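Listing of my_file-v4.cif, mmCIF, C-alpha atoms and all ligand atoms
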data_protein
loop_
_atom_site.label_atom_id
_atom_site.label_comp_id
_atom_site.auth_asym_id
_atom_site.auth_seq_id
_atom_site.Cartn_x
_atom_site.Cartn_y
_atom_site.Cartn_z
CA MET A 27 32.88 -1.75 28.35
CA LYS A 28 32.37 1.80 27.17
CA ILE A 29 33.84 2.25 23.71
CA ARG A 30 36.11 5.29 23.49
CA ASN A 31 38.76 4.22 21.00
CA ILE A 32 38.15 2.63 17.60
CA CYS A 33 40.87 1.33 15.31
CA ILE A 34 40.24 0.73 11.61
CA VAL A 35 42.74 -1.55 9.86
CA GLY A 36 42.97 -0.71 6.15
CA GLY A 37 42.71 2.32 3.91
CA GLY A 38 40.83 1.02 0.87
CA SER A 39 37.22 1.87 0.00
CA ALA A 40 35.93 0.14 3.14
CA GLY A 41 38.46 1.81 5.44
CA TRP A 42 37.82 5.37 4.23
CA MET A 43 34.06 4.95 4.16
CA THR A 44 34.19 3.67 7.75
CA ALA A 45 36.59 6.41 8.89
CA ALA A 46 34.49 9.18 7.32
CA THR A 47 31.29 7.83 8.87
CA LEU A 48 32.68 7.29 12.37
CA THR A 49 34.54 10.60 12.62
CA LYS A 50 31.54 12.53 11.32
CA MET A 51 28.80 10.71 13.24
CA LEU A 52 30.66 10.13 16.50
CA PRO A 53 32.73 13.27 17.07
CA ASP A 54 33.61 12.34 20.67
CA MET A 55 35.15 9.02 19.70
CA ASN A 56 38.90 8.58 19.17
CA VAL A 57 39.16 7.02 15.74
CA THR A 58 42.43 5.71 14.30
CA LEU A 59 43.02 4.33 10.81
CA ILE A 60 46.15 2.35 10.03
CA GLU A 61 47.07 1.46 6.47
CA SER A 62 50.13 -0.15 5.00
CA LYS A 63 52.16 1.65 2.36
CA ASN A 64 53.51 -1.70 1.24
CA ILE A 65 50.18 -3.45 0.66
CA GLY A 66 48.13 -1.75 -2.04
CA THR A 67 44.37 -1.37 -2.29
CA VAL A 68 42.23 -3.20 -4.84
CA GLY A 69 41.98 0.18 -6.54
CA VAL A 70 38.98 -0.55 -8.75
CA GLY A 71 35.28 -0.84 -8.00
CA GLU A 72 34.05 2.24 -9.71
CA SER A 73 30.44 1.34 -10.16
CA THR A 74 27.71 1.77 -7.55
CA LEU A 75 24.06 0.96 -7.00
CA THR A 76 21.48 3.35 -5.58
CA TYR A 77 22.19 2.20 -2.02
CA ILE A 78 25.16 4.55 -2.05
CA ASN A 79 22.72 7.45 -1.78
CA LYS A 80 22.01 6.49 1.83
CA PHE A 81 25.71 6.72 2.60
CA LEU A 82 26.10 10.07 0.84
CA LYS A 83 23.06 11.41 2.65
CA LEU A 84 24.38 10.23 6.00
CA LEU A 85 27.56 12.22 5.42
CA GLY A 86 25.63 15.20 4.07
CA LEU A 87 27.49 14.99 0.75
CA LYS A 88 25.96 16.75 -2.23
CA ASP A 89 26.80 15.77 -5.81
CA GLU A 90 28.40 19.14 -6.49
CA ASP A 91 30.72 18.58 -3.50
CA TRP A 92 32.39 15.38 -4.55
CA MET A 93 31.54 14.29 -8.11
CA SER A 94 34.03 16.43 -10.02
CA TYR A 95 36.79 15.54 -7.51
CA CYS A 96 36.18 11.82 -8.16
CA ASN A 97 35.63 11.97 -11.95
CA ALA A 98 32.13 10.71 -11.31
CA THR A 99 29.17 10.47 -13.62
CA TYR A 100 25.57 9.35 -13.15
CA LYS A 101 24.32 5.84 -13.72
CA THR A 102 20.63 5.03 -14.14
CA SER A 103 20.67 1.46 -15.35
CA ILE A 104 22.93 -1.48 -16.06
CA LYS A 105 22.78 -2.58 -19.67
CA PHE A 106 23.88 -6.12 -20.45
CA THR A 107 24.63 -6.28 -24.15
CA ASP A 108 24.75 -9.77 -25.74
CA PHE A 109 23.58 -11.12 -22.38
CA ALA A 110 21.61 -14.24 -23.31
CA ASP A 111 22.46 -14.28 -27.02
CA LYS A 112 24.36 -12.22 -29.54
CA GLY A 113 22.32 -9.07 -30.06
CA HIS A 114 20.22 -9.63 -26.96
CA ILE A 115 19.98 -6.75 -24.51
CA TYR A 116 18.93 -6.89 -20.91
CA HIS A 117 18.41 -3.76 -18.85
CA TYR A 118 18.48 -3.47 -15.07
CA PRO A 119 16.96 -0.02 -14.57
CA PHE A 120 17.09 1.86 -11.27
CA GLY A 121 14.13 3.47 -9.56
CA THR A 122 10.47 2.54 -9.47
CA ARG A 123 8.15 1.41 -12.26
CA ASP A 124 5.60 3.73 -13.80
CA PHE A 125 2.19 2.07 -13.71
CA SER A 126 0.20 5.21 -14.40
CA ASP A 127 -0.63 4.24 -18.02
CA ALA A 128 -0.71 0.52 -17.43
CA GLY A 129 -3.29 -1.06 -15.17
CA SER A 130 -0.83 -3.33 -13.43
CA ILE A 131 2.38 -5.28 -13.91
CA ALA A 132 0.28 -7.95 -15.67
CA ASP A 133 -0.29 -5.67 -18.70
CA TRP A 134 3.07 -6.38 -20.26
CA TYR A 135 2.58 -10.13 -19.77
CA TYR A 136 -0.78 -9.96 -21.60
CA TRP A 137 0.96 -8.08 -24.40
CA LYS A 138 3.66 -10.74 -24.56
CA LEU A 139 1.02 -13.48 -24.49
CA LEU A 140 -0.76 -11.96 -27.48
CA ASP A 141 2.46 -11.13 -29.33
CA PRO A 142 5.16 -13.62 -28.24
CA LYS A 143 7.65 -12.11 -30.69
CA ILE A 144 8.15 -8.94 -28.66
CA ASP A 145 11.53 -8.82 -26.99
CA ASN A 146 11.77 -9.30 -23.23
CA TYR A 147 13.83 -6.11 -23.25
CA SER A 148 10.62 -4.19 -23.85
CA PHE A 149 9.48 -5.00 -20.27
CA ALA A 150 11.94 -2.47 -18.86
CA GLU A 151 11.12 0.03 -21.62
CA TYR A 152 7.41 -0.37 -20.94
CA TYR A 153 7.55 0.45 -17.25
CA HIS A 154 10.73 2.45 -16.75
CA PRO A 155 10.99 5.91 -18.36
CA VAL A 156 14.65 5.93 -17.37
CA ILE A 157 15.43 3.40 -20.12
CA THR A 158 14.34 5.81 -22.84
CA MET A 159 16.52 8.49 -21.29
CA SER A 160 19.59 6.34 -20.93
CA ASP A 161 19.22 4.91 -24.45
CA GLN A 162 19.35 8.48 -25.72
CA ASN A 163 22.19 9.37 -23.36
CA LYS A 164 20.01 11.93 -21.63
CA MET A 165 19.52 12.86 -18.00
CA THR A 166 17.25 15.17 -16.11
CA SER A 167 17.11 16.35 -12.51
CA ASN A 168 13.33 16.09 -13.03
CA GLU A 169 12.64 18.96 -10.70
CA ASP A 170 9.37 19.64 -12.52
CA GLY A 171 8.35 15.98 -12.20
CA ARG A 172 7.69 15.60 -15.94
CA VAL A 173 9.35 12.21 -16.12
CA ARG A 174 6.95 10.12 -14.12
CA ALA A 175 8.23 7.65 -11.55
CA PHE A 176 11.78 9.02 -11.87
CA ASP A 177 12.98 10.36 -8.55
CA PHE A 178 16.40 11.78 -9.39
CA PRO A 179 17.92 11.72 -5.88
CA SER A 180 17.08 8.10 -5.19
CA ALA A 181 17.01 6.55 -8.69
CA THR A 182 20.52 7.49 -9.78
CA ALA A 183 23.77 5.89 -8.77
CA TYR A 184 27.31 6.76 -9.88
CA HIS A 185 30.36 5.62 -11.77
CA MET A 186 33.40 7.05 -10.05
CA ASP A 187 37.10 6.68 -9.50
CA ALA A 188 36.97 4.67 -6.27
CA THR A 189 40.54 5.59 -5.31
CA LEU A 190 39.75 9.29 -5.62
CA PHE A 191 36.54 8.75 -3.66
CA GLY A 192 38.59 7.25 -0.81
CA GLN A 193 40.97 10.21 -0.97
CA TYR A 194 38.03 12.61 -0.90
CA LEU A 195 36.59 10.98 2.21
CA LYS A 196 40.02 11.05 3.83
CA GLU A 197 40.93 14.67 2.99
CA LYS A 198 37.53 16.33 3.24
CA ILE A 199 35.84 14.41 6.04
CA ALA A 200 37.92 11.99 8.10
CA LEU A 201 41.06 14.10 8.69
CA PRO A 202 39.23 17.42 9.31
CA ASN A 203 37.01 15.57 11.78
CA GLY A 204 39.98 14.47 13.85
CA LEU A 205 41.01 11.06 12.50
CA ASN A 206 44.29 9.76 13.86
CA TYR A 207 46.00 8.51 10.69
CA ILE A 208 48.90 6.07 10.77
CA THR A 209 50.85 4.66 7.84
CA ASP A 210 52.38 1.42 9.03
CA ASP A 211 52.14 -2.36 8.76
CA VAL A 212 50.25 -4.45 11.28
CA VAL A 213 52.62 -7.35 11.80
CA LYS A 214 50.77 -9.23 14.53
CA VAL A 215 47.29 -9.29 16.02
CA ASN A 216 47.45 -9.98 19.77
CA GLN A 217 44.55 -11.73 21.45
CA ASN A 218 43.07 -11.81 24.96
CA GLU A 219 42.56 -15.12 26.73
CA ASP A 220 38.97 -15.28 25.48
CA GLY A 221 40.24 -14.94 21.91
CA SER A 222 39.11 -11.35 21.35
CA VAL A 223 41.52 -8.85 19.84
CA LYS A 224 43.73 -7.20 22.47
CA SER A 225 46.09 -5.07 20.42
CA LEU A 226 47.92 -4.71 17.12
CA SER A 227 51.69 -4.91 16.86
CA THR A 228 53.00 -2.60 14.16
CA LYS A 229 56.34 -2.36 12.40
CA GLU A 230 57.18 1.23 13.37
CA ASN A 231 54.57 2.45 15.86
CA GLY A 232 54.74 -0.20 18.55
CA GLU A 233 51.54 -1.61 19.96
CA LEU A 234 48.13 -0.08 19.19
CA GLU A 235 45.27 -0.75 21.55
CA ALA A 236 41.58 0.08 21.03
CA ASP A 237 38.18 -0.84 22.48
CA LEU A 238 36.80 -1.74 19.06
CA TYR A 239 38.56 -2.86 15.89
CA VAL A 240 37.14 -2.68 12.38
CA ASP A 241 38.71 -5.03 9.88
CA CYS A 242 38.97 -3.24 6.52
CA SER A 243 42.08 -5.13 5.40
CA GLY A 244 40.42 -6.47 2.26
CA PHE A 245 40.88 -10.05 1.15
CA ARG A 246 43.57 -10.51 3.79
CA ALA A 247 40.89 -10.21 6.47
CA LEU A 248 43.70 -9.83 8.97
CA LEU A 249 41.51 -9.78 12.08
CA LEU A 250 38.40 -11.64 11.00
CA SER A 251 39.86 -14.51 9.04
CA GLU A 252 43.55 -14.80 9.95
CA THR A 253 43.04 -14.14 13.67
CA LEU A 254 39.45 -14.94 14.63
CA LYS A 255 39.15 -17.74 12.04
CA VAL A 256 35.80 -16.56 10.69
CA PRO A 257 35.40 -18.82 7.65
CA PHE A 258 35.46 -17.38 4.14
CA ILE A 259 32.32 -18.44 2.29
CA SER A 260 33.08 -18.93 -1.37
CA PHE A 261 30.41 -18.66 -4.06
CA ASN A 262 32.76 -20.09 -6.63
CA ASP A 263 30.54 -23.09 -7.34
CA CYS A 264 27.75 -20.88 -8.65
CA LEU A 265 29.69 -18.08 -10.33
CA MET A 266 30.27 -18.05 -14.07
CA ASN A 267 33.28 -15.78 -13.75
CA ASP A 268 35.78 -16.25 -10.98
CA LYS A 269 38.75 -14.05 -11.85
CA ALA A 270 39.28 -10.44 -12.78
CA ILE A 271 42.22 -8.51 -14.11
CA ALA A 272 42.25 -4.72 -13.89
CA THR A 273 44.74 -2.50 -15.67
CA ARG A 274 44.98 1.21 -16.27
CA LEU A 275 45.98 2.08 -19.79
CA PRO A 276 46.26 5.43 -21.52
CA TYR A 277 44.17 5.93 -24.63
CA ILE A 278 45.80 5.40 -27.98
CA ASN A 279 42.71 5.25 -30.16
CA PRO A 280 39.51 5.67 -28.10
CA ASP A 281 37.22 4.78 -31.04
CA LYS A 282 38.89 1.44 -31.55
CA GLU A 283 39.46 0.70 -27.88
CA MET A 284 35.92 1.46 -26.90
CA GLU A 285 34.13 -0.36 -29.72
CA TYR A 286 33.15 -3.34 -27.56
CA THR A 287 31.48 -1.28 -24.85
CA ILE A 288 28.09 0.37 -24.84
CA GLU A 289 27.39 3.38 -27.01
CA ASN A 290 26.86 5.68 -24.08
CA ALA A 291 30.33 5.00 -22.78
CA ILE A 292 31.81 6.03 -26.14
CA VAL A 293 29.86 9.27 -26.11
CA LEU A 294 30.81 9.87 -22.51
CA VAL A 295 34.49 9.37 -23.15
CA GLU A 296 34.54 11.43 -26.34
CA ASN A 297 32.84 14.31 -24.60
CA SER A 298 34.78 14.24 -21.40
CA ASN A 299 38.21 15.63 -20.73
CA GLU A 300 38.15 14.00 -17.32
CA PHE A 301 38.68 10.49 -18.62
CA ASP A 302 42.32 10.72 -19.58
CA ASN A 303 42.71 7.04 -19.05
CA TRP A 304 40.29 4.19 -18.96
CA LEU A 305 40.01 1.43 -16.44
CA ASN A 306 39.83 -1.80 -18.35
CA GLU A 307 38.25 -4.67 -16.57
CA VAL A 308 38.29 -8.15 -17.95
CA VAL A 309 36.29 -10.76 -16.13
CA PHE A 310 36.55 -14.39 -17.12
CA ASP A 311 36.51 -17.95 -15.97
CA LEU A 312 40.23 -18.58 -15.65
CA ASP A 313 40.13 -22.30 -14.83
CA HIS A 314 37.87 -22.99 -17.78
CA PHE A 315 39.78 -20.71 -20.10
CA ARG A 316 43.16 -22.24 -19.38
CA SER A 317 42.32 -25.46 -21.10
CA ALA A 318 45.18 -27.69 -22.14
CA GLU A 319 45.41 -26.15 -25.59
CA GLN A 320 45.27 -22.57 -24.44
CA ALA A 321 47.81 -23.25 -21.72
CA LYS A 322 50.38 -23.41 -24.54
CA THR A 323 50.06 -19.66 -24.94
CA LYS A 324 50.68 -19.02 -21.26
CA GLY A 325 50.23 -15.43 -20.20
CA GLN A 326 48.04 -14.63 -23.18
CA ALA A 327 44.71 -15.45 -21.63
CA GLY A 328 42.03 -13.56 -23.52
CA PRO A 329 38.65 -12.40 -22.33
CA ILE A 330 35.53 -14.50 -22.49
CA SER A 331 33.35 -11.60 -21.46
CA LYS A 332 34.10 -8.00 -20.74
CA SER A 333 32.54 -5.75 -18.16
C1 LIG A 401 37.97 -5.94 -11.50
C2 LIG A 401 37.15 -5.52 -10.32
C3 LIG A 401 36.01 -4.77 -10.52
C4 LIG A 401 35.23 -4.36 -9.45
N1 LIG A 401 34.14 -3.61 -9.68
C5 LIG A 401 33.42 -3.15 -8.65
C6 LIG A 401 32.33 -2.27 -8.88
O1 LIG A 401 32.02 -1.93 -10.00
N2 LIG A 401 31.64 -1.82 -7.79
C7 LIG A 401 31.99 -2.18 -6.52
O2 LIG A 401 31.33 -1.73 -5.57
N3 LIG A 401 33.01 -3.02 -6.28
C8 LIG A 401 33.73 -3.50 -7.32
N4 LIG A 401 34.81 -4.30 -7.07
C9 LIG A 401 35.11 -4.70 -5.69
C10 LIG A 401 35.81 -3.57 -4.95
O3 LIG A 401 36.83 -3.03 -5.74
C11 LIG A 401 36.42 -4.12 -3.68
O4 LIG A 401 35.44 -4.84 -2.97
C12 LIG A 401 36.91 -3.00 -2.79
O5 LIG A 401 37.79 -2.14 -3.47
C13 LIG A 401 37.64 -3.61 -1.61
O6 LIG A 401 38.04 -2.55 -0.77
P1 LIG A 401 38.57 -2.85 0.68
O7 LIG A 401 38.73 -1.53 1.34
O8 LIG A 401 37.69 -3.86 1.33
O9 LIG A 401 39.97 -3.59 0.49
P2 LIG A 401 41.35 -3.14 -0.19
O10 LIG A 401 41.16 -2.16 -1.30
O11 LIG A 401 42.06 -4.43 -0.51
O12 LIG A 401 42.12 -2.39 0.95
C14 LIG A 401 42.77 -3.11 1.98
C15 LIG A 401 43.54 -2.14 2.84
O13 LIG A 401 44.06 -2.85 3.96
C16 LIG A 401 45.41 -2.51 4.15
N5 LIG A 401 46.11 -3.62 4.80
C17 LIG A 401 46.07 -4.94 4.48
N6 LIG A 401 46.88 -5.64 5.29
C18 LIG A 401 47.44 -4.75 6.15
C19 LIG A 401 48.37 -4.83 7.22
N7 LIG A 401 48.94 -6.01 7.58
N8 LIG A 401 48.74 -3.69 7.86
C20 LIG A 401 48.20 -2.49 7.52
N9 LIG A 401 47.31 -2.35 6.52
C21 LIG A 401 46.95 -3.46 5.84
C22 LIG A 401 45.95 -2.19 2.76
O14 LIG A 401 47.11 -1.38 2.81
C23 LIG A 401 44.74 -1.47 2.18
O15 LIG A 401 44.81 -0.11 2.53
C24 LIG A 401 35.59 -4.73 -8.13
C25 LIG A 401 36.75 -5.48 -7.93
C26 LIG A 401 37.51 -5.87 -8.99
C27 LIG A 401 38.76 -6.66 -8.74
#
Using the file provided, produce a representation of the structure as structure tokens.
Amino acid sequence: MKIRNICIVGGGSAGWMTAATLTKMLPDMNVTLIESKNIGTVGVGESTLTYINKFLKLLGLKDEDWMSYCNATYKTSIKFTDFADKGHIYHYPFGTRDFSDAGSIADWYYWKLLDPKIDNYSFAEYYHPVITMSDQNKMTSNEDGRVRAFDFPSATAYHMDATLFGQYLKEKIALPNGLNYITDDVVKVNQNEDGSVKSLSTKENGELEADLYVDCSGFRALLLSETLKVPFISFNDCLMNDKAIATRLPYINPDKEMEYTIENAIVLVENSNEFDNWLNEVVFDLDHFRSAEQAKTKGQAGPISKS
């Protein structure tokens, strides 16, 4: 069957990224996106890895196009404070290692062998110039190549407002490129005799039929899980944290409210007018936390770790 019509179910991050890509890359295709106004999006997920650069490049998006719209900032590493122990720091730097002063990756291990007291944290510092920059809250486009092994376009990712990013993709790419946008609820997924998806019954727009359906309905997995019975594979048995609560709160006292996060975040917030509110994310092991004693203070579950 020749595919002419594609229907995307869902208007969260996945839905808008799919819609922007398909409308831009396949201009002759009829692309429809349906999203419910009654079922919200996850609405968080503001942190990216460098893989996002491939997506941005595919769409031809330049930083100056979208970053200010989405309250975005650069991210060059992930710093885990108090990771293994109180006071212990673990860095996950982006980009490649700089071996030009060291002979090989073994150098640091020899150093550690001779001086076991050196912190493991120094491994990242030793090979990644980006650590020194991020510890000093500095950034460079590195056009002159003075920071070795730091390729700005590929070694930086972003923190962003994911909801605004979805809106940007919708307003600036998907709609101008001819997306057919429907706000409605899918109430039933109709199947062919062979089990494949035939059409979608909606609350207000009747039946929608397409040659290809993309399930971007989030955890509901309306087509994949509910209809086609593709099993959900849980990693719960090997995750330390299995629940997350996200709230948006206005600042009252940024100094006090930010004291548990990394220093760079404090500097960022103090210096930025963009961050008029802060997305607080609390990740914890709910089953473990709600022990019998703590269950007495129901509804007051506190964080075990914060991200
Ligand atoms: C606390 C927290 C922190 C996170 N941090 C990060 C992070 O740093 N980086 C990262 O990449 N990810 C992060 N994530 C994950 C990320 O937020 C989610 O994976 C992502 O937002 C999911 O988007 P989605 O489009 O798949 O689904 P959703 O946002 O759930 O969107 C689902 C869409 O489907 C629509 N829909 C559902 N049912 C129907 C129906 N019957 N009819 C019509 N429409 C329907 C809804 O209206 C909605 O538009 C985090 C998640 C949480 C909870």
**OP:** Between A:Ser167, A:Thr228, A:Thr58, A:Ser73, single out the one closest to ligand LIG 401 (chain A), counting only C-alpha atoms and all ligand atoms.
**Re:** A:Ser73
**OP:** Can you tell me which residues come within 7 Å of ligand LIG 401 (chain A) when counting only C-alpha atoms and all ligand atoms, ideally as a ChimeraX atom specification?
**Re:** /A:35-41,60-74,210-213,242-246,248,270-272,307-309
**OP:** Could you check which of A:Asn267, A:Phe109, A:Tyr153, A:Phe120 is closest to Trp134 (chain A), using all atoms listed in the file?
**Re:**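 Closest candidate: A:Tyr153.
Shortest separation to His154 (chain A) among A:Tyr207, A:Tyr194, A:Tyr118, A:Tyr95 occurs at residue A:Tyr118, atoms counted being all atoms listed in the file.
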I want to know what sits within 6 Å of Cys96 (chain A), based on only C-alpha atoms, with residues of the same chain fewer than 4 positions away left out; could you give that as a compact mmCIF listing (two decimals) with C-alpha atoms, in the coordinates of the input?
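Written output follows (selection.txt):
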# COMPACT_ATOMS: atom_id res chain seq x y z
CA MET A 186 33.40 7.05 -10.05
CA ASP A 187 37.10 6.68 -9.50
CA LEU A 190 39.75 9.29 -5.62
CA PHE A 191 36.54 8.75 -3.66
Subject >> Residue nearest Phe106 (chain A) - candidates A:Ala188, A:Glu252, A:Leu59, A:Tyr147, atoms counted: all atoms listed in the file >> reply: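 Checking each candidate against Phe106 (chain A), we get A:Tyr147 as the closest.
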Subject >> Residues within 12 Å of Glu151 (chain A), only C-alpha atoms, excluding chain neighbours under 6 positions, as an MDAnalysis selection string >> reply: chainID A and resid 103 115:119 123:124 134 144:145 157:161
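Here CA of Phe176 (chain A) stands at a distance of 13.1 Å from CA of Lys101 (chain A).
Across the structure, CA of Pro257 (chain A) and CA of Val240 (chain A) are spaced 16.9 Å apart.
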**OP:** Could you please give me, as a list in words, the residues of protein, DNA or RNA lying at most 6 Å from (48.6, -8.9, 15.9) in the coordinate frame of the file, considering only C-alpha atoms?
**Re:**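 Checked against the point, the hits come out as Val213, Lys214, Val215, Asn216, Leu226 and Ser227 of chain A.
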Original post:
For the atom pair CA of His114 (chain A) and CA of Tyr136 (chain A), what is the interatomic distance in Å to one decimal place?
Top reply: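 Answer for the CA of His114 (chain A) to CA of Tyr136 (chain A) separation: 21.7 Å.
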Subject >> Exercise: Leu82 (chain A) partners within 12 Å, all atoms listed in the file, chain neighbours under 5 positions left out, as a list in words >> reply: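 Listing them by chain and then by number gives Met43, Ala46, Thr47, Thr74, Thr76, Tyr77, Leu87, Lys88, Asp89, Glu90, Asp91, Trp92, Met93, Pro179, Ser180, Ala183, Tyr184, Phe191, Leu195 and Ile199 of chain A.
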Those same residues, written as a PDB file, in the coordinates of the input with C-alpha atoms?
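Below is the file that was written, part39.pdb:
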ATOM      1  CA  MET A  43      34.060   4.950   4.160  1.00  0.00           C
ATOM      2  CA  ALA A  46      34.490   9.180   7.320  1.00  0.00           C
ATOM      3  CA  THR A  47      31.290   7.830   8.870  1.00  0.00           C
ATOM      4  CA  THR A  74      27.710   1.770  -7.550  1.00  0.00           C
ATOM      5  CA  THR A  76      21.480   3.350  -5.580  1.00  0.00           C
ATOM      6  CA  TYR A  77      22.190   2.200  -2.020  1.00  0.00           C
ATOM      7  CA  LEU A  87      27.490  14.990   0.750  1.00  0.00           C
ATOM      8  CA  LYS A  88      25.960  16.750  -2.230  1.00  0.00           C
ATOM      9  CA  ASP A  89      26.800  15.770  -5.810  1.00  0.00           C
ATOM     10  CA  GLU A  90      28.400  19.140  -6.490  1.00  0.00           C
ATOM     11  CA  ASP A  91      30.720  18.580  -3.500  1.00  0.00           C
ATOM     12  CA  TRP A  92      32.390  15.380  -4.550  1.00  0.00           C
ATOM     13  CA  MET A  93      31.540  14.290  -8.110  1.00  0.00           C
ATOM     14  CA  PRO A 179      17.920  11.720  -5.880  1.00  0.00           C
ATOM     15  CA  SER A 180      17.080   8.100  -5.190  1.00  0.00           C
ATOM     16  CA  ALA A 183      23.770   5.890  -8.770  1.00  0.00           C
ATOM     17  CA  TYR A 184      27.310   6.760  -9.880  1.00  0.00           C
ATOM     18  CA  PHE A 191      36.540   8.750  -3.660  1.00  0.00           C
ATOM     19  CA  LEU A 195      36.590  10.980   2.210  1.00  0.00           C
ATOM     20  CA  ILE A 199      35.840  14.410   6.040  1.00  0.00           C
TER      21      ILE A 199
END
Subject >> Non-local contacts of region 29-31 of chain A (12 Å; only C-alpha atoms; under 3 positions in same chain excluded) as a list in words >> reply: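 Everything that qualifies: Ile34, Leu48, Thr49, Leu52, Pro53, Asp54, Met55, Asn56, Val57, Thr58, Leu59, Leu205, Asn206, Ser225, Leu234, Glu235, Ala236, Asp237, Leu238, Tyr239 and Val240 of chain A.
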Pull C-alpha atoms from the residues just selected and write them as a compact mmCIF listing (two decimals), in the coordinates of the input.
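Wrote selection.txt, looks like this:
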# COMPACT_ATOMS: atom_id res chain seq x y z
CA ILE A 34 40.24 0.73 11.61
CA LEU A 48 32.68 7.29 12.37
CA THR A 49 34.54 10.60 12.62
CA LEU A 52 30.66 10.13 16.50
CA PRO A 53 32.73 13.27 17.07
CA ASP A 54 33.61 12.34 20.67
CA MET A 55 35.15 9.02 19.70
CA ASN A 56 38.90 8.58 19.17
CA VAL A 57 39.16 7.02 15.74
CA THR A 58 42.43 5.71 14.30
CA LEU A 59 43.02 4.33 10.81
CA LEU A 205 41.01 11.06 12.50
CA ASN A 206 44.29 9.76 13.86
CA SER A 225 46.09 -5.07 20.42
CA LEU A 234 48.13 -0.08 19.19
CA GLU A 235 45.27 -0.75 21.55
CA ALA A 236 41.58 0.08 21.03
CA ASP A 237 38.18 -0.84 22.48
CA LEU A 238 36.80 -1.74 19.06
CA TYR A 239 38.56 -2.86 15.89
CA VAL A 240 37.14 -2.68 12.38
Original post:
From the list A:Thr253, A:Thr102, A:Thr107, A:Gln162, which residue is nearest Thr122 (chain A) when using all atoms listed in the file?
Top reply: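 The answer is A:Thr102, which sits nearest to Thr122 (chain A).
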